file input-v4.json (JSON, C-alpha atoms and all ligand atoms)
[["chain", "number", "residue", "atom", "x", "y", "z"],
["G", 7, "MET", "CA", -17.45, -4.14, -24.76],
["G", 8, "LYS", "CA", -19.19, -0.85, -24.89],
["G", 9, "LEU", "CA", -19.11, 1.18, -21.76],
["G", 10, "LYS", "CA", -21.98, 3.59, -21.38],
["G", 11, "ILE", "CA", -19.56, 6.12, -20.14],
["G", 12, "ARG", "CA", -21.86, 9.10, -19.89],
["G", 13, "GLU", "CA", -23.92, 7.25, -17.34],
["G", 14, "ILE", "CA", -20.98, 6.73, -15.01],
["G", 15, "PRO", "CA", -21.43, 9.07, -12.06],
["G", 16, "GLU", "CA", -18.75, 11.06, -10.32],
["G", 17, "GLY", "CA", -17.18, 9.10, -7.48],
["G", 18, "TYR", "CA", -17.50, 5.41, -6.79],
["G", 19, "SER", "CA", -19.84, 3.03, -8.58],
["G", 20, "VAL", "CA", -20.16, -0.70, -9.00],
["G", 21, "LEU", "CA", -19.54, -2.34, -12.35],
["G", 22, "LEU", "CA", -21.37, -5.55, -13.19],
["G", 23, "GLN", "CA", -21.92, -6.37, -16.83],
["G", 24, "LYS", "CA", -21.92, -9.07, -19.46],
["G", 25, "ILE", "CA", -19.86, -8.18, -22.48],
["G", 26, "SER", "CA", -19.60, -9.76, -25.91],
["G", 27, "LEU", "CA", -16.12, -8.60, -27.03],
["G", 28, "GLU", "CA", -17.66, -8.36, -30.48],
["G", 29, "SER", "CA", -14.95, -6.16, -31.97],
["G", 30, "ILE", "CA", -12.09, -8.61, -31.24],
["G", 31, "LYS", "CA", -14.12, -11.73, -32.02],
["G", 32, "GLY", "CA", -12.01, -12.82, -34.99],
["G", 33, "GLU", "CA", -8.71, -12.46, -33.10],
["G", 34, "ILE", "CA", -9.41, -14.54, -30.00],
["G", 35, "PRO", "CA", -10.62, -18.14, -29.50],
["G", 36, "GLU", "CA", -14.36, -18.54, -29.90],
["G", 37, "LEU", "CA", -16.20, -17.66, -26.72],
["G", 38, "VAL", "CA", -19.00, -19.91, -25.53],
["G", 39, "ASP", "CA", -20.92, -17.06, -23.97],
["G", 40, "ASP", "CA", -20.51, -13.44, -23.00],
["G", 41, "VAL", "CA", -17.76, -12.58, -20.56],
["G", 42, "THR", "CA", -18.89, -11.49, -17.12],
["G", 43, "ILE", "CA", -17.13, -8.53, -15.61],
["G", 44, "SER", "CA", -17.46, -7.27, -12.08],
["G", 45, "GLY", "CA", -15.60, -4.56, -10.31],
["G", 46, "ASP", "CA", -15.78, -0.90, -9.59],
["G", 47, "ILE", "CA", -15.29, 2.44, -11.21],
["G", 48, "ASN", "CA", -13.93, 5.50, -9.55],
["G", 49, "ARG", "CA", -14.58, 8.65, -11.48],
["G", 50, "ILE", "CA", -12.61, 11.70, -10.48],
["G", 51, "SER", "CA", -13.62, 14.52, -12.82],
["G", 52, "ASP", "CA", -12.20, 13.60, -16.25],
["G", 53, "LEU", "CA", -10.53, 10.37, -15.12],
["G", 54, "PHE", "CA", -12.19, 6.97, -14.76],
["G", 55, "TYR", "CA", -10.32, 4.31, -12.81],
["G", 56, "ILE", "CA", -11.76, 0.90, -13.53],
["G", 57, "LYS", "CA", -10.84, -2.23, -11.60],
["G", 58, "MET", "CA", -12.46, -5.42, -12.74],
["G", 59, "HIS", "CA", -12.45, -9.16, -12.61],
["G", 60, "PHE", "CA", -13.64, -11.08, -15.64],
["G", 61, "ASP", "CA", -14.48, -14.69, -16.35],
["G", 62, "GLY", "CA", -15.79, -16.63, -19.29],
["G", 63, "LEU", "CA", -15.61, -19.83, -21.30],
["G", 64, "MET", "CA", -13.64, -20.27, -24.49],
["G", 65, "LYS", "CA", -13.77, -23.15, -26.93],
["G", 66, "GLN", "CA", -10.63, -25.26, -27.02],
["G", 67, "GLN", "CA", -9.62, -28.50, -28.66],
["G", 68, "CYS", "CA", -8.14, -31.15, -26.41],
["G", 69, "SER", "CA", -4.56, -31.93, -27.43],
["G", 70, "ARG", "CA", -5.02, -35.63, -26.61],
["G", 71, "CYS", "CA", -8.47, -36.68, -27.81],
["G", 72, "LEU", "CA", -9.00, -33.71, -30.18],
["G", 73, "GLU", "CA", -12.52, -33.20, -28.82],
["G", 74, "GLU", "CA", -13.77, -29.66, -28.43],
["G", 75, "TYR", "CA", -14.45, -28.55, -24.87],
["G", 76, "ASN", "CA", -15.20, -25.40, -22.91],
["G", 77, "PHE", "CA", -12.20, -23.97, -21.13],
["G", 78, "PRO", "CA", -12.91, -21.56, -18.26],
["G", 79, "PHE", "CA", -10.70, -18.49, -18.02],
["G", 80, "GLU", "CA", -10.56, -15.51, -15.74],
["G", 81, "GLY", "CA", -8.40, -12.55, -14.98],
["G", 82, "ASN", "CA", -8.16, -9.07, -13.62],
["G", 83, "LEU", "CA", -7.93, -5.89, -15.56],
["G", 84, "ASN", "CA", -7.32, -2.33, -14.46],
["G", 85, "LEU", "CA", -7.97, 0.50, -16.86],
["G", 86, "THR", "CA", -7.71, 4.23, -16.73],
["G", 87, "ILE", "CA", -9.84, 6.24, -19.12],
["G", 88, "LYS", "CA", -9.48, 9.96, -19.64],
["G", 89, "GLU", "CA", -12.13, 12.25, -20.96],
["G", 90, "GLU", "CA", -10.66, 14.46, -23.63],
["G", 91, "SER", "CA", -12.33, 16.31, -26.49],
["G", 92, "GLY", "CA", -11.30, 15.11, -29.91],
["G", 93, "LYS", "CA", -9.82, 11.83, -28.68],
["G", 94, "HIS", "CA", -11.78, 8.61, -28.55],
["G", 95, "GLY", "CA", -10.55, 5.04, -28.25],
["G", 96, "ARG", "CA", -7.32, 3.26, -27.41],
["G", 97, "ALA", "CA", -4.51, 5.52, -26.22],
["G", 98, "PRO", "CA", -0.98, 5.18, -27.60],
["G", 99, "GLU", "CA", 1.23, 2.84, -25.51],
["G", 100, "GLU", "CA", 3.41, 5.64, -24.16],
["G", 101, "ASP", "CA", 0.43, 7.45, -22.64],
["G", 102, "SER", "CA", -0.39, 7.04, -18.97],
["G", 103, "VAL", "CA", -4.00, 6.07, -19.71],
["G", 104, "GLU", "CA", -5.37, 3.12, -21.68],
["G", 105, "PHE", "CA", -8.29, 4.85, -23.38],
["G", 106, "TYR", "CA", -9.57, 8.28, -24.24],
["G", 107, "TYR", "CA", -13.18, 9.20, -24.20],
["G", 108, "ASP", "CA", -14.62, 12.04, -26.21],
["G", 109, "PRO", "CA", -17.55, 13.59, -24.31],
["G", 110, "GLN", "CA", -19.38, 13.89, -27.65],
["G", 111, "GLU", "CA", -19.68, 10.09, -27.70],
["G", 112, "ASP", "CA", -22.14, 8.00, -25.71],
["G", 113, "GLU", "CA", -20.19, 4.78, -25.54],
["G", 114, "LEU", "CA", -16.62, 3.57, -25.51],
["G", 115, "ASP", "CA", -15.52, 0.20, -26.85],
["G", 116, "ILE", "CA", -12.85, -1.26, -24.56],
["G", 117, "SER", "CA", -12.83, -4.80, -26.02],
["G", 118, "SER", "CA", -9.24, -4.45, -27.21],
["G", 119, "ALA", "CA", -8.12, -4.23, -23.57],
["G", 120, "PHE", "CA", -9.18, -7.85, -23.15],
["G", 121, "TYR", "CA", -7.15, -9.14, -26.06],
["G", 122, "ASP", "CA", -3.83, -9.65, -24.20],
["G", 123, "GLU", "CA", -5.60, -11.02, -21.14],
["G", 124, "ILE", "CA", -7.42, -13.63, -23.17],
["G", 125, "MET", "CA", -4.40, -14.58, -25.26],
["G", 126, "VAL", "CA", -2.33, -15.36, -22.16],
["G", 127, "ALA", "CA", -5.20, -17.40, -20.72],
["G", 128, "ILE", "CA", -5.14, -19.85, -23.65],
["G", 129, "PRO", "CA", -3.77, -23.17, -22.37],
["G", 130, "ILE", "CA", -0.44, -24.25, -23.89],
["G", 131, "LYS", "CA", -1.53, -27.86, -23.78],
["G", 132, "PRO", "CA", -5.32, -27.91, -23.77],
["G", 133, "LEU", "CA", -6.80, -30.95, -22.06],
["G", 134, "CYS", "CA", -10.52, -31.68, -21.78],
["G", 135, "ASN", "CA", -9.71, -33.48, -18.55],
["G", 136, "ASP", "CA", -6.42, -34.09, -16.72],
["G", 137, "ASP", "CA", -7.06, -37.81, -17.05],
["G", 138, "CYS", "CA", -7.91, -37.70, -20.73],
["G", 139, "LYS", "CA", -6.73, -40.96, -22.26],
["G", 140, "GLY", "CA", -6.52, -39.55, -25.75],
["G", 141, "ILE", "CA", -7.76, -41.09, -28.94],
["G", 142, "GLU", "CA", -8.76, -44.71, -28.55],
["G", 143, "VAL", "CA", -6.57, -46.91, -30.65],
["G", 144, "ASN", "CA", -6.50, -50.62, -31.24],
["G", 145, "ASP", "CA", -4.11, -52.19, -28.74],
["G", 146, "THR", "CA", -2.54, -54.45, -31.32],
["G", 147, "ASP", "CA", -1.34, -51.44, -33.28],
["G", 148, "ILE", "CA", 0.93, -50.38, -30.51],
["G", 149, "VAL", "CA", 4.27, -51.98, -30.08],
["G", 150, "VAL", "CA", 6.10, -50.89, -27.03],
["G", 151, "GLU", "CA", 9.73, -51.70, -27.13],
["G", 152, "SER", "CA", 11.39, -51.71, -23.80],
["G", 153, "ASP", "CA", 14.94, -52.30, -22.65],
["G", 154, "THR", "CA", 16.27, -51.22, -26.00],
["G", 155, "VAL", "CA", 18.03, -48.26, -24.54],
["G", 156, "LYS", "CA", 20.87, -49.09, -22.24],
["G", 157, "ARG", "CA", 21.66, -46.49, -19.72],
["G", 158, "VAL", "CA", 25.31, -46.04, -19.08],
["G", 159, "PRO", "CA", 25.87, -44.56, -15.69],
["G", 160, "ILE", "CA", 28.36, -41.77, -15.68],
["G", 161, "LYS", "CA", 30.83, -42.11, -12.89],
["G", 162, "LYS", "CA", 31.59, -38.92, -11.22],
["G", 163, "ASP", "CA", 35.15, -38.88, -10.08],
["G", 164, "GLU", "CA", 35.79, -35.87, -7.96],
["G", 165, "ASN", "CA", 39.54, -36.11, -8.33],
["G", 166, "TRP", "CA", 39.39, -36.00, -12.05],
["G", 167, "VAL", "CA", 40.68, -32.73, -13.47],
["G", 168, "ASP", "CA", 40.57, -31.67, -17.06],
["G", 169, "PRO", "CA", 44.21, -31.95, -18.28],
["G", 170, "ARG", "CA", 43.93, -28.48, -19.78],
["G", 171, "TRP", "CA", 43.25, -27.05, -16.36],
["G", 172, "GLU", "CA", 46.10, -29.07, -14.97],
["G", 173, "ALA", "CA", 48.45, -27.44, -17.49],
["G", 174, "LEU", "CA", 47.13, -24.04, -16.60],
["G", 175, "LYS", "CA", 47.59, -24.72, -12.94],
["G", 176, "LYS", "CA", 51.21, -25.58, -13.53],
["G", 177, "LEU", "CA", 51.74, -22.34, -15.42],
["G", 178, "LYS", "CA", 50.14, -20.36, -12.62],
["G", 179, "SER", "CA", 52.28, -21.89, -9.94],
["G", 180, "LYS", "CA", 55.45, -20.98, -11.78],
["S", 201, "ZN", "ZN", -9.40, -35.06, -24.26]]

call {"tool": "encode", "arguments": {"input": "input-v4.json", "output": "structure tokens"}}
result
Amino acid sequence: MKLKIREIPEGYSVLLQKISLESIKGEIPELVDDVTISGDINRISDLFYIKMHFDGLMKQQCSRCLEEYNFPFEGNLNLTIKEESGKHGRAPEEDSVEFYYDPQEDELDISSAFYDEIMVAIPIKPLCNDDCKGIEVNDTDIVVESDTVKRVPIKKDENWVDPRWEALKKLKSK
């Protein structure tokens, strides 16, 4: 995403944009379309406070039927950008801001801020549909063996005490 940061006015403004996340394309699942972001920006002199909601569609492969499908994802992201001469781009982790913006530059690429958000949105067990039946297989190929495992109920005897504890108890009472 490239923010046209010079165009952001002092004070409050609305943010509504479609972004391609081009610069992190190879590191995240393939996106079906651009990601939509909506939110607001509060610019107070050299600081930009951005609050946004994003949503999009990523390509996933169903873990049951192995078909590709579009998985919707969304999230919220808050960013603080500081204008500072000679610095442009992602700020080091220990800094209090996420990005620096050099006033010599017109745009700022903030795609990398979406990386973590998108990675956590990836489903652990992707399913094209909750009721997905999986790959169709010939019924005769499946042999279901039942009643082969005998369950032995464990009796819980509350009066039973581990003999080692019993020995310890005797020692203690002496
Ligand atoms: Zn499926």

call {"tool": "residues_near_ligand", "arguments": {"input": "input-v4.json", "ligand": "ligand ZN 201 (chain S)", "cutoff": "6 Å", "atoms": "only C-alpha atoms and all ligand atoms", "output": "ChimeraX atom specification"}}
result
/G:68,70-71,73,133-135,138,140

call {"tool": "atom_distance", "arguments": {"input": "input-v4.json", "atom1": "atom CA of G:Phe79", "atom2": "atom CA of G:Ile25"}}
result
14.5 Å

call {"tool": "closest_residue", "arguments": {"input": "input-v4.json", "among": "G:Asp61, G:Lys88, G:Lys93, G:Tyr121", "to": "G:Gly32", "atoms": "only C-alpha atoms"}}
result
G:Tyr121

call {"tool": "residues_around", "arguments": {"input": "input-v4.json", "residues": "G:Ser19", "least_positions_apart": "3", "cutoff": "10 Å", "atoms": "all atoms listed in the file", "output": "PyMOL selection string"}}
result
chain G and resi 14-16+22+45-49+56

call {"tool": "write_last_selection", "arguments": {"input": "input-v4.json", "atoms": "C-alpha atoms", "output": "PDB file, in the frame of the given file"}}
result
ATOM      1  CA  ILE G  14     -20.980   6.730 -15.010  1.00  0.00           C
ATOM      2  CA  PRO G  15     -21.430   9.070 -12.060  1.00  0.00           C
ATOM      3  CA  GLU G  16     -18.750  11.060 -10.320  1.00  0.00           C
ATOM      4  CA  LEU G  22     -21.370  -5.550 -13.190  1.00  0.00           C
ATOM      5  CA  GLY G  45     -15.600  -4.560 -10.310  1.00  0.00           C
ATOM      6  CA  ASP G  46     -15.780  -0.900  -9.590  1.00  0.00           C
ATOM      7  CA  ILE G  47     -15.290   2.440 -11.210  1.00  0.00           C
ATOM      8  CA  ASN G  48     -13.930   5.500  -9.550  1.00  0.00           C
ATOM      9  CA  ARG G  49     -14.580   8.650 -11.480  1.00  0.00           C
ATOM     10  CA  ILE G  56     -11.760   0.900 -13.530  1.00  0.00           C
TER      11      ILE G  56
END

call {"tool": "closest_residue", "arguments": {"input": "input-v4.json", "among": "G:Ile30, G:Val38, G:Asp52, G:Pro109", "to": "G:Met125", "atoms": "all atoms listed in the file"}}
result
G:Ile30

call {"tool": "atom_distance", "arguments": {"input": "input-v4.json", "atom1": "atom CA of G:Asp122", "atom2": "atom CA of G:Gly81"}}
result
10.7 Å

call {"tool": "atom_distance", "arguments": {"input": "input-v4.json", "atom1": "atom CA of G:Glu123", "atom2": "atom CA of G:Gly92"}}
result
28.1 Å

call {"tool": "residues_near_point", "arguments": {"input": "input-v4.json", "point": "(-12.8, -20.8, -32.0)", "cutoff": "7 Å", "atoms": "all atoms listed in the file", "output": "list of chain:residue names"}}
result
G:Pro35, G:Glu36, G:Lys65
